Structure formats: structure tokens, C-alpha cells
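What follows is a single structure, written as C-alpha cells, with notes after it.
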Amino acid sequence: MFNRSATLMYSSDDGKRKIYIDDKNSGKILAFLKSEKGMMKKFEHIVKLLLEHPAGATRDLYGRENIEKGCEFVTAMKPFPGSIRNSRIYCQHHH
């Protein structure tokens, strides 16, 4: 695993769960979230579920991705599951 700088975007009320954005790619990520109608709103909905009700984030909205060996801690937010857009925001878990 490599170290990268990231900025805190969201935190649960109890401080146990946090969502950071990668500093190197933050401009591209934020532009992507703003590029499609409803994308930012759906992203914030998934974030709220993850922070306040982690069990409520169903696999169709958020889940592990089996990309390749060595990527065991990679998950994806899926703002529009089942749609033609199939957009994903890949996430790295840190414990």
C-alpha cells in the first residue's frame, strides 16, 4: 500500500467513519461529480448512508470490487446502479 495525501470531506457524528478525497485527483473527482445531473446529490446520499447507517448502503450502491489480486480493500460507490452510465467512484479502505 502506498501513501498519498488526502483531505477530509465528511465525518460521522461519532468520528469513527470518515471520507477523504485524494488530493492529487480531487479536481477531476469533483468535476466528475458535478458533470452529470443528479450525480453530486446521489454521491451525498451514499456518503450519508455510509456515515450514519453503514448497513443501509446496499451492494448496488456501494461494495467491494474484485478488480485484481492485491486490491482487496478497494470498494466502489455506484451512484446510478443498473443504468447505462454505470459510473463508479473507487475507494480505498484504511483501517
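Chain identifiers are assigned as A, B, and so on, following the order in which chains appear in the C-alpha cells; residues are numbered from 1 within each chain, and ligands are numbered from 1 in order of appearance.
Close contacts of Gly15 (chain A), defined as residues with an atom at most 12 Å away when counting only C-alpha atoms, with chain neighbours fewer than 5 positions off set aside, comprise Leu8, Tyr10, Leu51 and Glu52 of chain A.
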Since we have the selection now, will you write its residues out, keeping C-alpha atoms, as a compact mmCIF listing (two decimals), in the first residue's frame?
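Written file, part24.txt:
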```txt
# COMPACT_ATOMS: atom_id res chain seq x y z
CA LEU A 8 -11.16 15.11 4.91
CA TYR A 10 -17.04 14.08 5.58
CA LEU A 51 -21.51 7.54 7.70
CA GLU A 52 -24.84 7.26 9.50
```
Next on the checklist: I'd like the neighbourhood of region 27-40 of chain A as a PyMOL selection string, where a residue qualifies if any of its atoms comes within 9 Å (using only C-alpha atoms), though same-chain residues fewer than 4 positions away should be ignored.
Outcome noted: chain A and resi 21-23+44-45+79-80+89
Next on the checklist: Among chain A, which residues does DSSP mark as helix (DSSP H, G or I) when it is run on the backbone? Keep the chain and numbering as in the structure and answer as a ChimeraX atom specification.
Outcome noted: /A:26-35,39-52,54-56
Next on the checklist: Give me, as a PyMOL selection string, the residues of region 22-91 of chain A that a backbone DSSP run labels strand (DSSP E).
Outcome noted: chain A and resi 22+62-64+74-77+89-91
Using only C-alpha atoms, which protein or nucleic acid residues come within 10 Å of Pro81 (chain A)? Drop anything in the same chain fewer than 3 positions from it, and give the result as a short mmCIF file (atom, residue, chain, number, x, y, z; two decimals) with N, CA and C atoms, in the first residue's frame.
```
data_model
loop_
_atom_site.label_atom_id
_atom_site.label_comp_id
_atom_site.auth_asym_id
_atom_site.auth_seq_id
_atom_site.Cartn_x
_atom_site.Cartn_y
_atom_site.Cartn_z
N ARG A 59 -25.38 -3.31 -1.68
CA ARG A 59 -24.34 -3.63 -2.66
C ARG A 59 -24.53 -2.92 -3.98
N ASP A 60 -25.77 -2.61 -4.32
CA ASP A 60 -25.96 -1.92 -5.60
C ASP A 60 -25.49 -0.46 -5.54
N LEU A 61 -25.36 0.10 -4.34
CA LEU A 61 -24.86 1.47 -4.19
C LEU A 61 -23.39 1.53 -3.79
N TYR A 62 -22.94 0.53 -3.05
CA TYR A 62 -21.57 0.55 -2.52
C TYR A 62 -21.14 -0.87 -2.21
N MET A 77 -18.34 3.29 -5.02
CA MET A 77 -19.65 3.93 -4.89
C MET A 77 -20.26 3.88 -6.29
N LYS A 78 -21.52 3.48 -6.36
CA LYS A 78 -22.19 3.34 -7.65
C LYS A 78 -23.44 4.21 -7.65
N ILE A 84 -27.25 2.84 -17.85
CA ILE A 84 -26.27 2.78 -18.94
C ILE A 84 -24.99 3.51 -18.56
N ARG A 85 -25.09 4.48 -17.65
CA ARG A 85 -23.91 5.26 -17.24
C ARG A 85 -22.92 4.41 -16.47
N ASN A 86 -23.39 3.55 -15.59
CA ASN A 86 -22.55 2.64 -14.81
C ASN A 86 -21.33 3.34 -14.20
N SER A 87 -21.50 4.58 -13.78
CA SER A 87 -20.41 5.35 -13.19
C SER A 87 -20.03 4.77 -11.84
N ARG A 88 -18.75 4.80 -11.52
CA ARG A 88 -18.24 4.32 -10.25
C ARG A 88 -17.18 5.25 -9.72
#
```
Item to check | Shell of 7 Å around Val74 (chain A), only C-alpha atoms, local chain residues under 3 positions omitted, as a VMD selection string | outcome: chain A and resid 64 to 65 71 90 to 93
Write out, as a compact mmCIF listing (two decimals), in the first residue's frame, the residues just selected, with C-alpha atoms.
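Listing of out-v5.txt after writing:
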```txt
# COMPACT_ATOMS: atom_id res chain seq x y z
CA ARG A 64 -16.23 -4.40 -2.83
CA GLU A 65 -14.77 -4.60 -6.30
CA CYS A 71 -6.88 -4.84 -4.46
CA TYR A 90 -13.40 3.83 -6.50
CA CYS A 91 -12.48 3.97 -2.83
CA GLN A 92 -9.59 2.65 -0.74
CA HIS A 93 -10.32 1.43 2.79
```
